[in-house]
$ cat protein-v6.cif   # mmCIF, C-alpha atoms and all ligand atoms
data_structure
#
loop_
_atom_site.label_atom_id
_atom_site.label_comp_id
_atom_site.auth_asym_id
_atom_site.auth_seq_id
_atom_site.Cartn_x
_atom_site.Cartn_y
_atom_site.Cartn_z
CA MET A 5 21.33 18.46 -24.66
CA ILE A 6 23.61 16.88 -27.27
CA LEU A 7 25.23 19.44 -29.57
CA VAL A 8 26.07 18.16 -33.05
CA ILE A 9 28.69 20.05 -35.05
CA ASN A 10 28.28 19.77 -38.79
CA LEU A 11 30.84 22.05 -40.42
CA ASN A 12 30.77 20.46 -43.86
CA PRO A 13 27.23 19.19 -44.57
CA SER A 14 26.29 17.96 -48.02
CA LEU A 15 23.55 16.89 -50.34
CA ASP A 16 24.30 13.16 -50.57
CA LYS A 17 23.48 11.69 -53.96
CA ILE A 18 23.46 7.94 -54.48
CA TYR A 19 23.57 6.79 -58.11
CA THR A 20 22.73 3.14 -58.74
CA ILE A 21 24.38 1.66 -61.85
CA GLN A 22 25.30 -1.86 -63.02
CA SER A 23 29.06 -1.29 -63.21
CA LEU A 24 31.54 1.57 -63.38
CA LYS A 25 33.09 1.99 -66.83
CA TYR A 26 36.04 4.33 -66.66
CA GLY A 27 36.02 7.05 -69.35
CA GLN A 28 32.51 6.21 -70.62
CA VAL A 29 29.05 7.79 -70.39
CA MET A 30 26.92 6.00 -67.80
CA ARG A 31 23.25 6.58 -67.00
CA THR A 32 21.99 5.93 -63.53
CA GLU A 33 18.91 3.73 -63.00
CA ASN A 34 18.05 5.44 -59.77
CA VAL A 35 19.02 8.60 -57.80
CA GLN A 36 18.61 9.09 -54.08
CA ASN A 37 19.06 12.63 -52.69
CA THR A 38 19.35 13.01 -48.92
CA ALA A 39 20.38 15.70 -46.47
CA GLY A 40 23.82 14.49 -45.50
CA GLY A 41 27.27 15.17 -44.24
CA LYS A 42 28.34 13.21 -41.20
CA GLY A 43 26.87 15.62 -38.63
CA THR A 44 23.43 15.60 -40.29
CA HIS A 45 23.39 11.81 -40.02
CA VAL A 46 24.49 11.91 -36.37
CA ALA A 47 21.69 14.36 -35.51
CA ASN A 48 19.17 12.29 -37.45
CA VAL A 49 19.98 9.11 -35.52
CA ILE A 50 20.08 10.89 -32.13
CA ASN A 51 16.66 12.29 -32.97
CA ILE A 52 15.33 8.82 -33.88
CA LEU A 53 16.63 7.56 -30.51
CA GLN A 54 14.40 10.27 -29.02
CA GLU A 55 17.15 12.36 -27.48
CA SER A 56 17.10 16.13 -27.82
CA CYS A 57 19.89 17.55 -29.96
CA THR A 58 20.82 20.82 -31.62
CA ILE A 59 22.83 20.95 -34.82
CA THR A 60 25.24 23.74 -35.73
CA GLY A 61 27.66 24.35 -38.58
CA PHE A 62 27.56 26.13 -41.93
CA LEU A 63 24.71 26.08 -44.46
CA GLY A 64 24.46 28.08 -47.69
CA GLY A 65 22.61 28.41 -50.99
CA HIS A 66 19.93 26.08 -52.36
CA ILE A 67 21.50 22.96 -50.89
CA GLY A 68 21.83 24.66 -47.50
CA LYS A 69 18.10 25.46 -47.66
CA PHE A 70 17.28 21.87 -48.65
CA ILE A 71 19.18 20.58 -45.59
CA ALA A 72 17.70 23.23 -43.26
CA ASP A 73 14.14 22.37 -44.46
CA ASN A 74 14.85 18.70 -43.92
CA LEU A 75 15.97 19.39 -40.33
CA VAL A 76 12.74 21.33 -39.70
CA GLU A 77 10.68 18.39 -41.08
CA LYS A 78 12.44 16.05 -38.68
CA GLY A 79 12.03 18.42 -35.74
CA ILE A 80 15.78 18.88 -35.21
CA THR A 81 16.78 22.30 -33.82
CA ASN A 82 19.10 23.97 -36.30
CA GLN A 83 21.45 26.75 -35.17
CA SER A 84 23.75 26.80 -38.20
CA THR A 85 25.47 29.91 -39.52
CA ASN A 86 24.19 31.04 -42.92
CA ILE A 87 27.00 31.35 -45.46
CA GLN A 88 27.24 33.06 -48.84
CA ALA A 89 28.68 30.06 -50.69
CA GLU A 90 26.75 26.96 -51.73
CA THR A 91 26.87 23.87 -49.47
CA ARG A 92 28.54 20.93 -51.23
CA SER A 93 27.24 17.70 -52.78
CA CYS A 94 28.78 14.23 -52.27
CA ILE A 95 28.27 11.44 -54.78
CA ASN A 96 28.11 7.75 -54.03
CA ILE A 97 28.02 5.33 -56.96
CA ALA A 98 26.47 2.02 -55.92
CA THR A 99 27.24 -0.83 -58.33
CA ALA A 100 25.66 -4.28 -58.70
CA ASP A 101 28.73 -5.98 -57.14
CA GLY A 102 27.73 -4.34 -53.83
CA LYS A 103 30.63 -1.84 -53.92
CA GLN A 104 30.18 1.89 -53.24
CA THR A 105 32.48 4.44 -54.88
CA GLU A 106 32.33 7.88 -53.27
CA ILE A 107 33.29 11.27 -54.72
CA LEU A 108 33.32 13.88 -51.94
CA GLU A 109 33.44 17.61 -52.76
CA PRO A 110 35.80 19.70 -50.59
CA GLY A 111 33.11 22.05 -49.31
CA PRO A 112 32.49 25.79 -49.65
CA TRP A 113 34.61 28.82 -48.82
CA ILE A 114 33.76 30.13 -45.33
CA THR A 115 34.54 33.82 -44.80
CA SER A 116 36.30 34.93 -41.60
CA LEU A 117 33.11 36.73 -40.56
CA GLU A 118 31.11 33.51 -40.96
CA GLN A 119 33.72 31.61 -38.96
CA ALA A 120 33.54 34.20 -36.17
CA ASP A 121 29.72 34.04 -36.25
CA PHE A 122 29.86 30.24 -35.86
CA LEU A 123 32.26 30.52 -32.89
CA THR A 124 29.93 32.96 -31.11
CA THR A 125 26.99 30.56 -31.60
CA TYR A 126 29.11 27.59 -30.49
CA LYS A 127 30.18 29.29 -27.25
CA LYS A 128 26.53 30.09 -26.48
CA LEU A 129 25.31 26.55 -27.24
CA LEU A 130 28.15 25.02 -25.22
CA LYS A 131 26.53 26.31 -22.04
CA SER A 132 23.46 24.08 -22.39
CA ALA A 133 25.22 21.08 -24.00
CA ASP A 134 26.67 18.21 -22.01
CA ILE A 135 27.94 16.14 -24.96
CA ILE A 136 29.33 17.59 -28.18
CA THR A 137 29.89 15.60 -31.37
CA ALA A 138 31.91 16.85 -34.34
CA SER A 139 32.00 14.79 -37.51
CA GLY A 140 33.49 14.96 -40.96
CA SER A 141 35.95 16.97 -42.95
CA LEU A 142 36.48 20.72 -42.70
CA PRO A 143 35.36 23.05 -45.53
CA LYS A 144 38.34 23.86 -47.76
CA ASN A 145 39.66 27.12 -46.25
CA ILE A 146 39.13 26.24 -42.58
CA GLU A 147 42.41 25.68 -40.73
CA PRO A 148 43.12 22.06 -39.68
CA ASP A 149 43.28 23.10 -36.00
CA PHE A 150 39.64 24.33 -36.00
CA TYR A 151 38.35 21.24 -34.17
CA ASN A 152 41.28 21.57 -31.77
CA LYS A 153 39.96 25.03 -30.78
CA LEU A 154 36.41 23.72 -30.31
CA ILE A 155 37.66 20.80 -28.17
CA THR A 156 39.74 23.15 -26.01
CA LEU A 157 36.65 25.31 -25.35
CA ALA A 158 34.51 22.24 -24.55
CA ASN A 159 37.15 20.77 -22.21
CA ALA A 160 37.45 24.12 -20.38
CA ALA A 161 33.66 24.03 -19.89
CA GLY A 162 33.85 20.42 -18.59
CA LYS A 163 31.90 18.97 -21.56
CA LYS A 164 32.60 15.66 -23.35
CA PHE A 165 33.71 16.15 -26.96
CA LEU A 166 33.37 13.29 -29.46
CA LEU A 167 35.54 13.77 -32.57
CA ASP A 168 35.02 11.77 -35.77
CA THR A 169 37.28 13.12 -38.47
CA SER A 170 40.38 12.13 -40.40
CA GLY A 171 43.71 13.41 -41.73
CA LYS A 172 45.16 16.66 -40.45
CA ALA A 173 41.96 17.68 -38.64
CA LEU A 174 42.20 14.44 -36.60
CA GLN A 175 45.94 14.85 -36.04
CA GLU A 176 45.43 18.39 -34.72
CA GLY A 177 42.22 17.50 -32.87
CA ILE A 178 43.88 14.70 -30.89
CA LYS A 179 46.34 17.23 -29.43
CA ALA A 180 43.43 18.93 -27.62
CA LYS A 181 42.39 15.60 -25.98
CA PRO A 182 38.84 14.93 -27.17
CA PHE A 183 36.88 12.48 -24.97
CA PHE A 184 36.28 10.09 -27.90
CA ILE A 185 37.76 9.36 -31.33
CA LYS A 186 36.90 6.55 -33.78
CA PRO A 187 39.45 6.36 -36.60
CA ASN A 188 39.32 3.27 -38.79
CA LYS A 189 42.30 1.02 -39.52
CA ASP A 190 43.39 3.07 -42.59
CA GLU A 191 43.12 6.36 -40.71
CA VAL A 192 45.22 5.04 -37.81
CA GLU A 193 47.83 3.74 -40.26
CA ALA A 194 47.94 7.14 -42.01
CA LEU A 195 48.18 8.92 -38.66
CA THR A 196 50.86 6.77 -37.05
CA GLY A 197 52.67 5.13 -39.96
CA ASN A 198 52.15 1.76 -38.17
CA LYS A 199 50.40 -1.13 -39.96
CA ILE A 200 47.41 -2.80 -38.33
CA ASN A 201 47.22 -6.44 -39.42
CA SER A 202 45.75 -8.02 -36.29
CA ILE A 203 43.71 -7.37 -33.16
CA GLU A 204 47.01 -7.19 -31.23
CA ASP A 205 48.23 -4.39 -33.52
CA ALA A 206 44.99 -2.46 -32.90
CA VAL A 207 45.36 -2.98 -29.13
CA ARG A 208 48.90 -1.58 -29.33
CA GLU A 209 47.65 1.51 -31.17
CA ILE A 210 44.68 2.07 -28.87
CA LYS A 211 47.08 2.17 -25.92
CA THR A 212 48.93 5.07 -27.55
CA PHE A 213 45.64 7.01 -27.79
CA VAL A 214 44.99 6.32 -24.09
CA GLN A 215 48.47 7.67 -23.32
CA LYS A 216 47.45 10.84 -25.17
CA ASP A 217 44.67 11.21 -22.59
CA ILE A 218 41.75 10.27 -24.85
CA LYS A 219 39.24 8.66 -22.50
CA LEU A 220 37.33 6.56 -25.02
CA PRO A 221 39.28 5.77 -28.20
CA VAL A 222 37.78 3.26 -30.65
CA ILE A 223 39.48 1.77 -33.71
CA SER A 224 37.06 0.35 -36.26
CA LEU A 225 38.35 -2.71 -38.07
CA GLY A 226 35.53 -3.35 -40.57
CA LYS A 227 34.55 -7.05 -40.57
CA GLN A 228 36.68 -7.67 -37.46
CA GLY A 229 34.50 -5.28 -35.41
CA SER A 230 36.18 -2.63 -33.28
CA ILE A 231 38.60 -2.22 -30.40
CA ALA A 232 37.72 0.23 -27.64
CA ALA A 233 39.51 1.38 -24.50
CA PHE A 234 37.93 2.92 -21.42
CA ALA A 235 38.96 3.36 -17.78
CA GLY A 236 41.97 1.02 -18.01
CA LYS A 237 40.12 -1.75 -19.87
CA ILE A 238 40.20 -2.83 -23.51
CA TYR A 239 37.23 -4.35 -25.34
CA HIS A 240 36.72 -6.14 -28.64
CA VAL A 241 33.23 -5.44 -29.98
CA MET A 242 31.77 -7.66 -32.72
CA PRO A 243 28.44 -6.90 -34.41
CA PRO A 244 26.62 -9.71 -36.25
CA THR A 245 27.55 -10.23 -39.91
CA LEU A 246 24.61 -9.06 -42.00
CA GLU A 247 24.24 -8.21 -45.65
CA ALA A 248 24.49 -4.44 -46.16
CA VAL A 249 21.80 -2.60 -48.12
CA ASN A 250 23.68 0.73 -47.84
CA ALA A 251 26.66 1.22 -45.52
CA VAL A 252 26.87 5.02 -45.96
CA GLY A 253 26.39 6.75 -42.61
CA SER A 254 27.01 3.65 -40.50
CA GLY A 255 29.96 5.31 -38.70
CA ASP A 256 27.74 8.36 -38.08
CA ALA A 257 25.01 6.17 -36.57
CA TYR A 258 27.73 4.64 -34.34
CA VAL A 259 28.74 8.11 -33.08
CA ALA A 260 25.06 8.90 -32.38
CA GLY A 261 24.87 5.72 -30.29
CA ILE A 262 27.95 6.70 -28.26
CA ALA A 263 26.55 10.21 -27.66
CA ASN A 264 23.17 8.81 -26.68
CA GLY A 265 24.68 6.22 -24.32
CA LEU A 266 26.91 8.82 -22.62
CA HIS A 267 23.98 11.20 -22.30
CA ARG A 268 21.89 8.47 -20.67
CA GLN A 269 24.89 7.68 -18.40
CA LEU A 270 24.91 4.00 -19.36
CA ASP A 271 27.85 1.77 -18.35
CA ILE A 272 30.62 1.45 -20.92
CA GLN A 273 29.61 -1.99 -22.25
CA SER A 274 26.03 -0.77 -22.80
CA ILE A 275 27.35 2.34 -24.57
CA LEU A 276 29.52 0.26 -26.92
CA ARG A 277 26.64 -2.18 -27.50
CA LEU A 278 24.22 0.64 -28.35
CA ALA A 279 26.70 2.33 -30.71
CA SER A 280 27.44 -0.92 -32.50
CA ALA A 281 23.72 -1.75 -32.81
CA CYS A 282 23.09 1.73 -34.31
CA GLY A 283 25.94 1.31 -36.83
CA THR A 284 24.64 -2.13 -37.81
CA ALA A 285 20.98 -0.99 -38.01
CA ASN A 286 22.08 1.73 -40.45
CA ILE A 287 23.53 -0.74 -42.98
CA LEU A 288 20.12 -2.46 -43.22
CA GLU A 289 18.45 0.70 -44.57
CA LYS A 290 18.38 2.27 -48.02
CA GLU A 291 18.61 5.78 -46.55
CA SER A 292 22.07 6.92 -45.38
CA GLY A 293 22.38 7.90 -41.72
CA PHE A 294 19.04 6.38 -40.73
CA VAL A 295 18.04 3.64 -38.27
CA ARG A 296 14.77 2.16 -36.98
CA GLN A 297 14.56 2.27 -33.22
CA GLN A 298 12.99 -1.20 -33.09
CA GLN A 299 15.81 -2.60 -35.24
CA VAL A 300 18.41 -1.14 -32.85
CA GLN A 301 16.64 -2.84 -29.90
CA THR A 302 16.54 -6.16 -31.76
CA LEU A 303 20.27 -6.00 -32.54
CA LEU A 304 21.43 -5.12 -29.01
CA PRO A 305 21.68 -8.73 -27.72
CA ASP A 306 23.53 -9.81 -30.90
CA ILE A 307 26.53 -7.56 -30.23
CA VAL A 308 29.35 -9.61 -28.70
CA ILE A 309 31.69 -7.73 -26.35
CA LYS A 310 34.87 -9.41 -25.12
CA GLN A 311 37.07 -7.74 -22.51
CA LEU A 312 40.67 -8.24 -23.68
CA SER A 313 42.46 -6.78 -20.65
O1 LIG B 401 29.56 9.17 -43.55
C1 LIG B 401 29.10 9.29 -44.85
C2 LIG B 401 29.07 10.71 -45.28
O2 LIG B 401 28.29 11.39 -44.38
C3 LIG B 401 28.54 10.92 -46.69
O3 LIG B 401 27.21 10.92 -46.70
C4 LIG B 401 29.18 12.20 -47.13
O4 LIG B 401 28.44 13.29 -46.85
C5 LIG B 401 30.49 12.10 -46.46
O5 LIG B 401 30.32 11.31 -45.30
C6 LIG B 401 31.23 13.31 -46.13
O6 LIG B 401 32.45 13.01 -45.53
P1 LIG B 401 33.47 14.10 -45.09
O7 LIG B 401 34.55 13.36 -44.38
O8 LIG B 401 33.96 14.77 -46.34
O9 LIG B 401 32.76 15.06 -44.20
#
$ encode --input "protein-v6.cif" --output "structure tokens" --more "lines below"
Ligand code: TA6
Amino acid sequence: MILVINLNPSLDKIYTIQSLKYGQVMRTENVQNTAGGKGTHVANVINILQESCTITGFLGGHIGKFIADNLVEKGITNQSTNIQAETRSCINIATADGKQTEILEPGPWITSLEQADFLTTYKKLLKSADIITASGSLPKNIEPDFYNKLITLANAAGKKFLLDTSGKALQEGIKAKPFFIKPNKDEVEALTGNKINSIEDAVREIKTFVQKDIKLPVISLGKQGSIAAFAGKIYHVMPPTLEAVNAVGSGDAYVAGIANGLHRQLDIQSILRLASACGTANILEKESGFVRQQQVQTLLPDIVIKQLS
């Protein structure tokens, strides 16, 4: 079973407007409300790929119920801890120039009792999980080393932990040696203080992650694809260039592809190909964190993988 950790889920709202006018009243032409947060998207795509997964994290209030109901509708097993506070909303403003401007709420207050309750559930679920994914930011009062603790427990149980986060949570998480990370260029620059202006720069940085004992680090470079390292080899992965309908959740679909490929024990190039096809399939859909299985299959042969060393 794949266990998906979703500590900071959200109600994702997409507002479609012509253009952003700072300091003025704007009315949206269209609103899209979806059950979101990175983990929700990961679970959704794993489920579409017909792999069994369980989601855990924190859900509270009306929005928490909306997300929990949505998981039931999709047939995804939900083992989240109920919290007193309201789960957050995240706003994405899509403008006619194709740009997306996001406003992400910090997330609710999680009491120490709720945190302890989550840890008890996590330890139980860990027993039947072979892959664990953890995505997104931490709710505002959760300590930045929280993922670090979860990774340490997973590693002790011999389970593969995939970490997709940023900032301090990533910095602390890396110390516990997750199996996989996928920071983008900006996140790596913020983490290391080193600029990435070329593929060579990304290769240099990926080697430092390998030295930190991360088995499968990936650096996403936007239009230039991604650089991945595994078992002493480095790969440049290029998806086809397609016009995006909605790019929100593409990184989450990528993580779902990695988890699915590892679970199916595919070889590394097939895993990277599947993840990249999932990420690309997501940008072709209006709904965030959603792919069509047939679309993923169609895209697989279009992903170009070059072994760099
Ligand atoms: O990946 C996109 C997304 O899932 C949005 O839908 C929104 O929920 C956001 O990420 C949350 O990001 P965060 O890093 O705050 O967990």
$ residues_around --input "protein-v6.cif" --residues "A:Thr196" --least-positions-apart "4" --cutoff "9 Å" --atoms "all atoms listed in the file" --output "list in words"
Glu191, Val192 and Glu209 of chain A
$ closest_residue --input "protein-v6.cif" --among "A:Lys42, A:Lys219, A:His240, A:Lys290" --to "A:Asp168" --atoms "all atoms listed in the file"
A:Lys42
$ residues_near_ligand --input "protein-v6.cif" --ligand "ligand LIG 401 (chain B)" --cutoff "6 Å" --atoms "all atoms listed in the file" --output "list in words"
Asn12, Ser14, Asp16, Gly40, Gly41, Lys42, Cys94, Leu108, Gly140, Ser141, Val252, Gly253 and Asp256 of chain A
$ closest_residue --input "protein-v6.cif" --among "A:Ala138, A:Leu278, A:Met30, A:Leu63" --to "A:Glu118" --atoms "all atoms listed in the file"
A:Leu63
$ closest_residue --input "protein-v6.cif" --among "A:Asp190, A:Glu247, A:Asp121, A:Asp271" --to "A:Leu225" --atoms "all atoms listed in the file"
A:Asp190
$ closest_residue --input "protein-v6.cif" --among "A:Ile146, A:Lys172, A:Ile203, A:Ala251" --to "A:Glu106" --atoms "only C-alpha atoms"
A:Ala251
$ residues_around --input "protein-v6.cif" --residues "A:Lys186" --least-positions-apart "2" --cutoff "7 Å" --atoms "all atoms listed in the file" --output "VMD selection string"
chain A and resid 168 184 188 221 to 224
$ residues_around --input "protein-v6.cif" --residues "A:Leu15" --least-positions-apart "6" --cutoff "6 Å" --atoms "all atoms listed in the file" --output "list of chain:residue names"
A:Thr38, A:Ala39, A:Gly40, A:Ser93
$ decode --input "protein-v6.cif" --residues "stretch 149-160 of chain A" --atoms "all heavy atoms" --output "tab-separated table (two decimals), in the first residue's frame"
chain	number	residue	atom	x	y	z
A	149	ASP	N	10.81	20.32	11.91
A	149	ASP	CA	11.45	18.99	11.84
A	149	ASP	C	10.41	17.85	11.88
A	149	ASP	O	10.76	16.69	12.07
A	149	ASP	CB	12.49	18.81	12.96
A	149	ASP	CG	11.85	18.79	14.34
A	149	ASP	OD1	10.63	19.11	14.45
A	149	ASP	OD2	12.54	18.46	15.31
A	150	PHE	N	9.13	18.20	11.68
A	150	PHE	CA	8.07	17.17	11.77
A	150	PHE	C	8.27	16.08	10.70
A	150	PHE	O	8.20	14.88	11.00
A	150	PHE	CB	6.69	17.82	11.62
A	150	PHE	CG	5.56	16.98	12.14
A	150	PHE	CD1	5.31	16.87	13.50
A	150	PHE	CD2	4.73	16.28	11.28
A	150	PHE	CE1	4.26	16.09	13.99
A	150	PHE	CE2	3.68	15.50	11.75
A	150	PHE	CZ	3.45	15.41	13.12
A	151	TYR	N	8.53	16.49	9.46
A	151	TYR	CA	8.77	15.49	8.41
A	151	TYR	C	10.01	14.66	8.74
A	151	TYR	O	10.05	13.47	8.48
A	151	TYR	CB	8.98	16.17	7.05
A	151	TYR	CG	7.71	16.63	6.36
A	151	TYR	CD1	7.66	17.88	5.72
A	151	TYR	CD2	6.57	15.83	6.31
A	151	TYR	CE1	6.51	18.31	5.07
A	151	TYR	CE2	5.41	16.26	5.66
A	151	TYR	CZ	5.38	17.49	5.05
A	151	TYR	OH	4.24	17.91	4.39
A	152	ASN	N	11.02	15.32	9.31
A	152	ASN	CA	12.25	14.63	9.69
A	152	ASN	C	11.92	13.43	10.60
A	152	ASN	O	12.42	12.32	10.41
A	152	ASN	CB	13.18	15.63	10.39
A	152	ASN	CG	14.49	15.03	10.84
A	152	ASN	OD1	14.49	14.03	11.56
A	152	ASN	ND2	15.60	15.60	10.42
A	153	LYS	N	11.00	13.67	11.56
A	153	LYS	CA	10.61	12.60	12.50
A	153	LYS	C	9.91	11.46	11.76
A	153	LYS	O	10.14	10.29	12.03
A	153	LYS	CB	9.68	13.15	13.58
A	153	LYS	CG	10.40	14.03	14.57
A	153	LYS	CD	9.44	14.52	15.64
A	153	LYS	CE	10.17	15.48	16.58
A	153	LYS	NZ	9.31	16.54	17.08
A	154	LEU	N	9.03	11.84	10.82
A	154	LEU	CA	8.27	10.82	10.07
A	154	LEU	C	9.22	10.00	9.18
A	154	LEU	O	9.05	8.78	9.04
A	154	LEU	CB	7.19	11.47	9.20
A	154	LEU	CG	6.17	12.36	9.93
A	154	LEU	CD1	5.11	12.85	8.96
A	154	LEU	CD2	5.52	11.64	11.10
A	155	ILE	N	10.21	10.67	8.59
A	155	ILE	CA	11.19	9.98	7.73
A	155	ILE	C	12.01	9.00	8.57
A	155	ILE	O	12.24	7.85	8.18
A	155	ILE	CB	12.11	11.00	7.01
A	155	ILE	CG1	11.30	11.91	6.09
A	155	ILE	CG2	13.22	10.28	6.22
A	155	ILE	CD1	12.02	13.18	5.66
A	156	THR	N	12.44	9.47	9.74
A	156	THR	CA	13.25	8.62	10.63
A	156	THR	C	12.49	7.34	10.98
A	156	THR	O	13.05	6.24	10.94
A	156	THR	CB	13.64	9.41	11.90
A	156	THR	OG1	14.29	10.61	11.48
A	156	THR	CG2	14.57	8.62	12.80
A	157	LEU	N	11.19	7.48	11.29
A	157	LEU	CA	10.37	6.30	11.62
A	157	LEU	C	10.24	5.37	10.40
A	157	LEU	O	10.34	4.15	10.53
A	157	LEU	CB	8.97	6.74	12.08
A	157	LEU	CG	8.88	7.38	13.46
A	157	LEU	CD1	7.54	8.09	13.65
A	157	LEU	CD2	9.07	6.33	14.56
A	158	ALA	N	10.03	5.96	9.22
A	158	ALA	CA	9.88	5.15	8.00
A	158	ALA	C	11.19	4.43	7.67
A	158	ALA	O	11.18	3.23	7.35
A	158	ALA	CB	9.46	6.04	6.84
A	159	ASN	N	12.31	5.13	7.78
A	159	ASN	CA	13.61	4.51	7.49
A	159	ASN	C	13.88	3.35	8.45
A	159	ASN	O	14.36	2.30	8.04
A	159	ASN	CB	14.74	5.54	7.57
A	159	ASN	CG	14.73	6.49	6.37
A	159	ASN	OD1	14.01	6.27	5.40
A	159	ASN	ND2	15.51	7.55	6.44
A	160	ALA	N	13.53	3.55	9.73
A	160	ALA	CA	13.75	2.49	10.73
A	160	ALA	C	12.90	1.26	10.39
A	160	ALA	O	13.28	0.13	10.69
A	160	ALA	CB	13.41	3.00	12.12
